[in-house]
file my_file-v6.cif (mmCIF, C-alpha atoms and all ligand atoms)
data_my_file
#
loop_
_atom_site.label_atom_id
_atom_site.label_comp_id
_atom_site.auth_asym_id
_atom_site.auth_seq_id
_atom_site.Cartn_x
_atom_site.Cartn_y
_atom_site.Cartn_z
CA MET W 14 30.68 -39.26 -15.29
CA SER W 15 32.49 -38.47 -18.54
CA GLU W 16 31.61 -35.45 -20.65
CA PRO W 17 28.88 -35.95 -23.23
CA SER W 18 30.17 -36.28 -26.79
CA ALA W 19 28.61 -35.10 -30.02
CA LEU W 20 26.85 -37.68 -32.16
CA GLN W 21 27.71 -37.07 -35.79
CA VAL W 22 25.72 -38.80 -38.50
CA THR W 23 27.22 -38.34 -41.98
CA ASP W 24 25.92 -39.49 -45.36
CA LEU W 25 24.05 -42.39 -43.79
CA THR W 26 22.40 -44.72 -46.31
CA VAL W 27 20.42 -47.85 -45.49
CA LYS W 28 18.97 -50.05 -48.23
CA PHE W 29 16.66 -53.00 -47.85
CA ALA W 30 15.61 -55.17 -50.79
CA GLY W 31 14.08 -52.62 -53.13
CA ILE W 32 13.78 -49.80 -50.56
CA THR W 33 16.16 -47.01 -49.65
CA ALA W 34 15.09 -46.41 -46.05
CA LEU W 35 17.77 -43.75 -45.49
CA ASP W 36 19.35 -41.79 -48.31
CA HIS W 37 22.58 -39.88 -47.44
CA VAL W 38 21.18 -38.51 -44.19
CA GLY W 39 23.31 -36.28 -41.98
CA PHE W 40 22.83 -34.43 -38.69
CA THR W 41 24.68 -33.69 -35.46
CA VAL W 42 23.37 -34.08 -31.93
CA GLU W 43 25.26 -31.48 -29.93
CA PRO W 44 26.45 -32.53 -26.44
CA GLY W 45 23.73 -31.94 -23.85
CA SER W 46 21.03 -31.08 -26.38
CA ILE W 47 17.63 -32.54 -27.19
CA HIS W 48 17.49 -33.30 -30.92
CA ALA W 49 14.27 -34.53 -32.51
CA VAL W 50 13.95 -36.61 -35.67
CA ILE W 51 10.48 -36.27 -37.16
CA GLY W 52 8.75 -37.26 -40.38
CA PRO W 53 5.69 -39.10 -41.73
CA ASN W 54 5.22 -42.87 -41.31
CA GLY W 55 7.90 -44.86 -43.10
CA ALA W 56 10.26 -41.86 -43.33
CA GLY W 57 13.15 -43.88 -41.88
CA LYS W 58 13.20 -42.67 -38.27
CA SER W 59 13.28 -46.07 -36.55
CA THR W 60 15.73 -47.36 -39.17
CA CYS W 61 18.03 -44.51 -38.18
CA PHE W 62 17.74 -45.50 -34.48
CA ASN W 63 18.39 -49.12 -35.36
CA VAL W 64 21.63 -48.17 -37.09
CA LEU W 65 22.72 -45.90 -34.23
CA SER W 66 22.20 -48.72 -31.72
CA GLY W 67 23.86 -51.38 -33.90
CA VAL W 68 20.70 -53.38 -34.64
CA TYR W 69 20.84 -52.62 -38.40
CA ARG W 70 23.97 -52.32 -40.54
CA ALA W 71 24.43 -49.15 -42.58
CA THR W 72 24.84 -49.67 -46.32
CA SER W 73 27.21 -46.69 -46.33
CA GLY W 74 28.01 -43.59 -44.33
CA SER W 75 29.28 -42.93 -40.84
CA VAL W 76 28.02 -42.51 -37.29
CA ARG W 77 30.55 -41.09 -34.85
CA PHE W 78 30.02 -40.72 -31.13
CA GLY W 79 32.99 -38.79 -29.79
CA ASP W 80 35.98 -40.66 -31.23
CA ALA W 81 34.14 -43.93 -31.83
CA GLU W 82 32.75 -45.10 -35.17
CA LEU W 83 29.52 -46.91 -34.36
CA THR W 84 28.59 -48.40 -37.74
CA ARG W 85 30.89 -51.40 -37.32
CA MET W 86 30.03 -52.08 -33.68
CA ALA W 87 27.71 -54.63 -32.10
CA PRO W 88 24.79 -53.40 -29.95
CA HIS W 89 26.53 -54.31 -26.67
CA GLN W 90 29.66 -52.39 -27.67
CA ILE W 91 27.59 -49.31 -28.47
CA ALA W 92 25.75 -49.66 -25.16
CA ALA W 93 29.11 -49.88 -23.40
CA LEU W 94 29.99 -46.45 -24.83
CA GLY W 95 26.97 -45.03 -23.00
CA VAL W 96 24.32 -45.06 -25.73
CA ALA W 97 20.98 -46.30 -24.36
CA ARG W 98 17.69 -46.63 -26.19
CA THR W 99 14.00 -47.30 -25.80
CA PHE W 100 11.88 -48.96 -28.49
CA GLN W 101 8.83 -47.78 -30.44
CA ASN W 102 7.08 -50.95 -29.24
CA ILE W 103 7.71 -51.67 -25.59
CA ALA W 104 10.47 -54.28 -25.20
CA LEU W 105 10.25 -55.35 -21.57
CA SER W 106 9.92 -58.79 -19.94
CA LYS W 107 6.21 -58.69 -19.11
CA LEU W 108 6.33 -61.44 -16.47
CA GLN W 109 9.32 -59.95 -14.64
CA SER W 110 8.96 -57.28 -11.97
CA VAL W 111 9.60 -53.62 -12.68
CA GLU W 112 12.70 -53.84 -10.47
CA ASN W 113 14.20 -56.73 -12.43
CA ASN W 114 13.45 -55.05 -15.74
CA ILE W 115 15.27 -51.90 -14.66
CA MET W 116 18.10 -54.06 -13.24
CA LEU W 117 18.73 -55.34 -16.78
CA GLY W 118 19.91 -51.82 -17.61
CA ARG W 119 22.61 -52.16 -14.93
CA HIS W 120 24.05 -55.22 -16.67
CA ARG W 121 26.83 -53.46 -18.53
CA LEU W 122 27.89 -51.90 -15.21
CA THR W 123 28.02 -55.09 -13.13
CA ARG W 124 31.53 -56.32 -12.48
CA ALA W 125 30.80 -59.55 -10.63
CA GLY W 126 29.17 -61.07 -13.70
CA PHE W 127 26.80 -64.00 -13.77
CA LEU W 128 29.20 -66.51 -12.19
CA GLY W 129 30.01 -64.37 -9.15
CA SER W 130 26.40 -63.47 -8.51
CA GLY W 131 25.30 -67.09 -9.14
CA LEU W 132 27.68 -68.27 -6.40
CA ARG W 133 26.45 -65.49 -4.09
CA LEU W 134 29.98 -64.35 -3.29
CA PRO W 135 30.04 -61.54 -0.68
CA ALA W 136 31.45 -59.01 -3.15
CA ALA W 137 28.77 -59.93 -5.67
CA ARG W 138 26.09 -59.57 -3.00
CA ARG W 139 27.36 -56.12 -2.05
CA GLU W 140 27.45 -55.09 -5.68
CA ASP W 141 23.93 -56.39 -6.24
CA ARG W 142 22.69 -54.38 -3.26
CA ARG W 143 24.37 -51.22 -4.59
CA HIS W 144 22.76 -51.68 -8.01
CA ARG W 145 19.32 -52.31 -6.53
CA GLU W 146 19.66 -49.12 -4.48
CA ARG W 147 20.38 -47.18 -7.67
CA VAL W 148 17.47 -48.91 -9.44
CA ARG W 149 15.11 -47.72 -6.70
CA GLU W 150 16.52 -44.20 -7.01
CA ILE W 151 15.90 -44.17 -10.76
CA ALA W 152 12.43 -45.66 -10.28
CA ARG W 153 11.58 -42.77 -7.94
CA TYR W 154 13.03 -40.34 -10.49
CA VAL W 155 10.75 -41.49 -13.31
CA GLY W 156 7.81 -41.99 -10.93
CA VAL W 157 7.43 -45.78 -10.96
CA ALA W 158 8.74 -46.54 -7.44
CA GLN W 159 5.33 -47.72 -6.22
CA TYR W 160 5.31 -50.48 -8.88
CA LEU W 161 8.78 -51.98 -8.25
CA ASP W 162 7.45 -55.43 -7.28
CA ALA W 163 4.67 -55.62 -9.88
CA PRO W 164 5.02 -57.70 -13.06
CA VAL W 165 5.42 -55.21 -15.92
CA GLY W 166 2.62 -56.82 -17.94
CA MET W 167 0.05 -55.92 -15.27
CA LEU W 168 0.74 -52.18 -15.47
CA PRO W 169 -0.96 -49.48 -17.55
CA TYR W 170 0.74 -48.69 -20.85
CA GLY W 171 1.93 -45.24 -19.77
CA VAL W 172 3.68 -46.73 -16.75
CA GLN W 173 5.34 -49.41 -18.90
CA LYS W 174 6.75 -46.68 -21.15
CA ARG W 175 8.26 -45.00 -18.09
CA VAL W 176 9.75 -48.30 -16.92
CA GLU W 177 11.46 -48.58 -20.30
CA LEU W 178 12.90 -45.11 -19.84
CA ALA W 179 14.04 -46.11 -16.34
CA ARG W 180 15.83 -49.16 -17.75
CA ALA W 181 17.63 -46.97 -20.29
CA LEU W 182 18.60 -44.47 -17.55
CA ALA W 183 19.86 -47.36 -15.41
CA MET W 184 22.67 -47.77 -17.96
CA GLU W 185 23.92 -44.31 -16.87
CA PRO W 186 23.98 -43.25 -20.53
CA ARG W 187 25.66 -40.24 -22.10
CA LEU W 188 23.28 -40.37 -25.05
CA LEU W 189 19.67 -41.49 -24.82
CA LEU W 190 17.72 -42.58 -27.93
CA LEU W 191 13.95 -42.39 -27.40
CA ASP W 192 11.73 -43.83 -30.14
CA GLU W 193 8.23 -42.35 -29.69
CA PRO W 194 8.32 -42.10 -25.89
CA VAL W 195 4.73 -40.76 -25.58
CA ALA W 196 3.02 -42.77 -28.35
CA GLY W 197 -0.30 -44.16 -27.14
CA MET W 198 -0.33 -42.03 -23.98
CA ASN W 199 -3.05 -39.68 -22.78
CA GLY W 200 -2.46 -35.96 -22.14
CA GLY W 201 -1.52 -36.33 -18.49
CA GLU W 202 0.90 -39.19 -19.14
CA ARG W 203 2.49 -37.19 -21.96
CA ARG W 204 3.10 -34.19 -19.72
CA GLN W 205 4.64 -36.42 -17.05
CA MET W 206 6.95 -38.09 -19.56
CA ALA W 207 7.99 -34.72 -21.02
CA GLU W 208 8.89 -33.51 -17.52
CA VAL W 209 11.07 -36.56 -16.89
CA ILE W 210 12.87 -36.12 -20.23
CA VAL W 211 13.60 -32.45 -19.58
CA ALA W 212 14.74 -33.23 -16.03
CA ALA W 213 17.03 -36.05 -17.21
CA ARG W 214 18.78 -33.74 -19.63
CA ALA W 215 19.17 -31.02 -16.98
CA ASP W 216 20.13 -33.24 -14.02
CA LEU W 217 22.31 -35.78 -15.83
CA GLY W 218 23.70 -33.53 -18.58
CA ILE W 219 23.06 -36.18 -21.21
CA SER W 220 22.19 -35.71 -24.89
CA ILE W 221 18.83 -36.96 -26.10
CA LEU W 222 17.80 -38.01 -29.60
CA LEU W 223 14.04 -38.19 -29.83
CA VAL W 224 11.73 -39.61 -32.48
CA GLU W 225 8.22 -38.33 -31.92
CA HIS W 226 4.98 -37.75 -33.81
CA ASP W 227 3.53 -35.45 -31.15
CA MET W 228 4.42 -32.07 -32.67
CA GLY W 229 3.52 -30.10 -29.56
CA MET W 230 5.99 -32.18 -27.60
CA VAL W 231 8.72 -31.79 -30.23
CA MET W 232 8.24 -28.03 -30.33
CA ARG W 233 8.42 -27.74 -26.55
CA LEU W 234 11.35 -30.08 -25.94
CA ALA W 235 13.71 -30.00 -28.89
CA ASP W 236 16.64 -27.62 -29.39
CA GLU W 237 17.09 -28.88 -32.97
CA VAL W 238 14.85 -30.81 -35.34
CA THR W 239 15.77 -32.97 -38.34
CA VAL W 240 12.92 -33.79 -40.71
CA LEU W 241 12.96 -36.98 -42.81
CA ASP W 242 10.62 -37.86 -45.66
CA PHE W 243 11.00 -41.06 -47.69
CA GLY W 244 14.48 -41.55 -46.27
CA ARG W 245 15.72 -38.08 -47.20
CA LYS W 246 16.46 -35.15 -44.95
CA ILE W 247 14.13 -32.37 -46.13
CA ALA W 248 14.75 -29.79 -43.39
CA SER W 249 16.66 -29.12 -40.18
CA GLY W 250 16.97 -26.34 -37.64
CA PRO W 251 15.28 -24.96 -34.53
CA PRO W 252 11.66 -26.12 -34.07
CA ALA W 253 10.04 -22.79 -34.98
CA VAL W 254 11.97 -22.57 -38.26
CA VAL W 255 11.29 -26.18 -39.26
CA GLN W 256 7.59 -25.88 -38.42
CA SER W 257 7.03 -23.15 -41.01
CA ASP W 258 9.19 -24.75 -43.72
CA PRO W 259 7.04 -25.28 -46.87
CA GLU W 260 8.74 -28.65 -47.61
CA VAL W 261 7.84 -29.89 -44.15
CA ILE W 262 4.24 -28.71 -44.40
CA ARG W 263 3.99 -30.44 -47.78
CA ALA W 264 5.38 -33.70 -46.39
CA TYR W 265 2.92 -33.69 -43.53
CA LEU W 266 -0.20 -32.22 -45.05
CA GLY W 267 0.14 -32.85 -48.78
CA GLU W 268 0.44 -30.51 -51.75
CA GLN W 269 -3.01 -28.89 -51.55
CA ALA W 270 -2.78 -27.95 -47.87
CA ALA W 271 0.71 -26.55 -48.40
CA LYS W 272 -0.61 -24.20 -51.13
CA GLU W 273 -3.47 -23.06 -48.90
CA GLN W 274 -1.01 -22.44 -46.09
CA GLU W 275 1.25 -20.36 -48.38
CA ASN W 276 -1.71 -18.27 -49.59
CA ALA W 277 -3.13 -17.77 -46.11
N1 LIG S 301 13.99 -54.76 -41.50
C1 LIG S 301 13.43 -54.18 -42.58
N2 LIG S 301 13.34 -54.85 -43.76
C2 LIG S 301 12.78 -54.27 -44.84
N3 LIG S 301 12.29 -53.03 -44.86
C3 LIG S 301 12.36 -52.30 -43.72
C4 LIG S 301 12.92 -52.84 -42.51
N4 LIG S 301 12.84 -51.90 -41.54
C5 LIG S 301 12.25 -50.84 -42.10
N5 LIG S 301 11.97 -51.07 -43.40
C6 LIG S 301 11.36 -50.12 -44.34
O1 LIG S 301 12.10 -48.92 -44.30
C7 LIG S 301 11.24 -47.79 -44.39
C8 LIG S 301 11.42 -46.90 -43.17
O2 LIG S 301 10.84 -47.57 -42.05
P1 LIG S 301 11.00 -47.01 -40.56
O3 LIG S 301 10.43 -48.03 -39.66
O4 LIG S 301 12.40 -46.58 -40.34
O5 LIG S 301 10.04 -45.72 -40.60
P2 LIG S 301 9.60 -44.73 -39.44
O6 LIG S 301 9.97 -43.37 -39.88
O7 LIG S 301 10.12 -45.20 -38.13
O8 LIG S 301 7.99 -44.88 -39.49
P3 LIG S 301 6.90 -44.85 -38.30
O9 LIG S 301 6.62 -43.39 -38.06
O10 LIG S 301 5.71 -45.53 -38.91
O11 LIG S 301 7.46 -45.56 -37.12
C9 LIG S 301 9.82 -48.35 -44.55
O12 LIG S 301 9.52 -48.38 -45.92
C10 LIG S 301 9.93 -49.72 -43.97
O13 LIG S 301 8.99 -50.60 -44.52
MG MG S 302 9.26 -45.84 -36.38
#
call {"tool": "encode", "arguments": {"input": "my_file-v6.cif", "output": "structure tokens", "more": "lines below"}}
Ligand SMILES: Nc1ncnc2c1ncn2[C@@H]1O[C@H](COP(=O)(O)OP(=O)(O)OP(=O)(O)O)[C@@H](O)[C@H]1O
Ligand SMILES: [Mg+2]
result
Amino acid sequence: MSEPSALQVTDLTVKFAGITALDHVGFTVEPGSIHAVIGPNGAGKSTCFNVLSGVYRATSGSVRFGDAELTRMAPHQIAALGVARTFQNIALSKLQSVENNIMLGRHRLTRAGFLGSGLRLPAARREDRRHRERVREIARYVGVAQYLDAPVGMLPYGVQKRVELARALAMEPRLLLLDEPVAGMNGGERRQMAEVIVAARADLGISILLVEHDMGMVMRLADEVTVLDFGRKIASGPPAVVQSDPEVIRAYLGEQAAKEQENA
């Protein structure tokens, strides 16, 4: 596997009709680190992910991953560089099995292509078998191996979120973008997911960019935190520093609470 590269976001601005969703935002995800982007609802976090993965076009600014400029690339080109993502709202084929959903992540790595596998050529069959082996390995890794044959739609929410992570890992990414990976989960599911994320970074040496509202999780997992509010970066640094930043407290709790906190 190739070395992880830094992701460098510089002066990123995204405007929609009447709204500036991101306003000259910059941050760097160091190779092999877990970097969290946090902020109140509507701060621009998902917009940022959508630009990084090529779903939205930047109005101006730059996103570099290693030597590549991502802002002019299509989603499949960015994926081919080893940038994989999960979505805030689960984006899986509900009627398809867990195995087939994770297989979709292997797509950029399949050489035989649709024609070869459609004709069931021997080489394509061998390749398919190899990919399915890896899919089972990844399913065991994220703890969904017992559900491989089940239609995704039948499974509890927490399991579906882990299947989405498995699909992203199946791309063998160098950078993983996770948009609210534990949203809607109970305490036990959250802990399990956090363990998988930490293990993935350690075992695979990948970088992880994480959007998350669960502060406890951010504080435990992240090496660096970038805080957005109304599309602007209002703070950045290690979790402990960001957590006690008056601007951040104000953004989260409002003016009154921030004053009380300062006087306490
Ligand atoms: N496709 C779009 N068209 C128009 N406005 C959009 C679009 N996508 C996002 N926005 C707006 O951009 C702003 C930032 O939204 P975004 O979804 O990035 O916030 P967020 O930080 O992810 O919030 P949340 O925590 O609720 O997920 C919001 O005002 C939102 O309404
Ligand atoms: Mg969002």
call {"tool": "residues_near_point", "arguments": {"input": "my_file-v6.cif", "point": "(25.1, -35.2, -22.6)", "cutoff": "7 Å", "atoms": "only C-alpha atoms", "output": "PDB file with C-alpha atoms, keeping the file's coordinate frame"}}
result
ATOM      1  CA  GLU W  16      31.610 -35.450 -20.650  1.00  0.00           C
ATOM      2  CA  PRO W  17      28.880 -35.950 -23.230  1.00  0.00           C
ATOM      3  CA  SER W  18      30.170 -36.280 -26.790  1.00  0.00           C
ATOM      4  CA  PRO W  44      26.450 -32.530 -26.440  1.00  0.00           C
ATOM      5  CA  GLY W  45      23.730 -31.940 -23.850  1.00  0.00           C
ATOM      6  CA  SER W  46      21.030 -31.080 -26.380  1.00  0.00           C
ATOM      7  CA  ARG W 187      25.660 -40.240 -22.100  1.00  0.00           C
ATOM      8  CA  LEU W 188      23.280 -40.370 -25.050  1.00  0.00           C
ATOM      9  CA  GLY W 218      23.700 -33.530 -18.580  1.00  0.00           C
ATOM     10  CA  ILE W 219      23.060 -36.180 -21.210  1.00  0.00           C
ATOM     11  CA  SER W 220      22.190 -35.710 -24.890  1.00  0.00           C
TER      12      SER W 220
END
call {"tool": "residues_near_ligand", "arguments": {"input": "my_file-v6.cif", "ligand": "ligand MG 302 (chain S)", "cutoff": "10 Å", "atoms": "all atoms listed in the file", "output": "mmCIF file with C-alpha atoms, keeping the file's coordinate frame"}}
result
data_model
loop_
_atom_site.group_PDB
_atom_site.id
_atom_site.type_symbol
_atom_site.label_atom_id
_atom_site.label_comp_id
_atom_site.auth_asym_id
_atom_site.auth_seq_id
_atom_site.Cartn_x
_atom_site.Cartn_y
_atom_site.Cartn_z
ATOM 1 C CA ILE W 51 10.480 -36.270 -37.160
ATOM 2 C CA GLY W 52 8.750 -37.260 -40.380
ATOM 3 C CA PRO W 53 5.690 -39.100 -41.730
ATOM 4 C CA ASN W 54 5.220 -42.870 -41.310
ATOM 5 C CA GLY W 55 7.900 -44.860 -43.100
ATOM 6 C CA ALA W 56 10.260 -41.860 -43.330
ATOM 7 C CA GLY W 57 13.150 -43.880 -41.880
ATOM 8 C CA LYS W 58 13.200 -42.670 -38.270
ATOM 9 C CA SER W 59 13.280 -46.070 -36.550
ATOM 10 C CA THR W 60 15.730 -47.360 -39.170
ATOM 11 C CA CYS W 61 18.030 -44.510 -38.180
ATOM 12 C CA PHE W 62 17.740 -45.500 -34.480
ATOM 13 C CA ASN W 63 18.390 -49.120 -35.360
ATOM 14 C CA PHE W 100 11.880 -48.960 -28.490
ATOM 15 C CA GLN W 101 8.830 -47.780 -30.440
ATOM 16 C CA ASN W 102 7.080 -50.950 -29.240
ATOM 17 C CA ASP W 192 11.730 -43.830 -30.140
ATOM 18 C CA GLU W 193 8.230 -42.350 -29.690
ATOM 19 C CA VAL W 224 11.730 -39.610 -32.480
ATOM 20 C CA GLU W 225 8.220 -38.330 -31.920
ATOM 21 C CA HIS W 226 4.980 -37.750 -33.810
#
call {"tool": "atom_distance", "arguments": {"input": "my_file-v6.cif", "atom1": "atom CA of W:Gln159", "atom2": "atom CA of W:Gly171"}}
result
14.2 Å
call {"tool": "atom_distance", "arguments": {"input": "my_file-v6.cif", "atom1": "atom CA of W:Leu117", "atom2": "atom CA of W:Ala181"}}
result
9.1 Å
call {"tool": "closest_residue", "arguments": {"input": "my_file-v6.cif", "among": "W:Phe78, W:Ala97, W:Gly250, W:Ile47", "to": "W:Ala207", "atoms": "only C-alpha atoms"}}
result
W:Ile47
call {"tool": "closest_residue", "arguments": {"input": "my_file-v6.cif", "among": "W:Leu20, W:Val42, W:Ala49, W:Leu35", "to": "W:Ala81", "atoms": "only C-alpha atoms"}}
result
W:Leu20
call {"tool": "closest_residue", "arguments": {"input": "my_file-v6.cif", "among": "W:Asn199, W:Ile151, W:Arg138, W:Val157", "to": "W:Ala213", "atoms": "all atoms listed in the file"}}
result
W:Ile151
call {"tool": "atom_distance", "arguments": {"input": "my_file-v6.cif", "atom1": "atom CA of W:Ala179", "atom2": "atom CA of W:Val68"}}
result
20.8 Å
call {"tool": "closest_residue", "arguments": {"input": "my_file-v6.cif", "among": "W:Val148, W:Leu178, W:Val254, W:Leu191", "to": "ligand LIG 301 (chain S)", "atoms": "only C-alpha atoms and all ligand atoms"}}
result
W:Leu191
call {"tool": "closest_residue", "arguments": {"input": "my_file-v6.cif", "among": "W:Leu134, W:Ile115, W:Ile210, W:Met184", "to": "W:Ala152", "atoms": "all atoms listed in the file"}}
result
W:Ile115
call {"tool": "closest_residue", "arguments": {"input": "my_file-v6.cif", "among": "W:Val27, W:Val165, W:Leu65, W:Ile91", "to": "ligand LIG 301 (chain S)", "atoms": "all atoms listed in the file"}}
result
W:Val27
call {"tool": "residues_around", "arguments": {"input": "my_file-v6.cif", "residues": "W:Ala163", "least_positions_apart": "6", "cutoff": "8 Å", "atoms": "only C-alpha atoms", "output": "ChimeraX atom specification"}}
result
/W:109-111
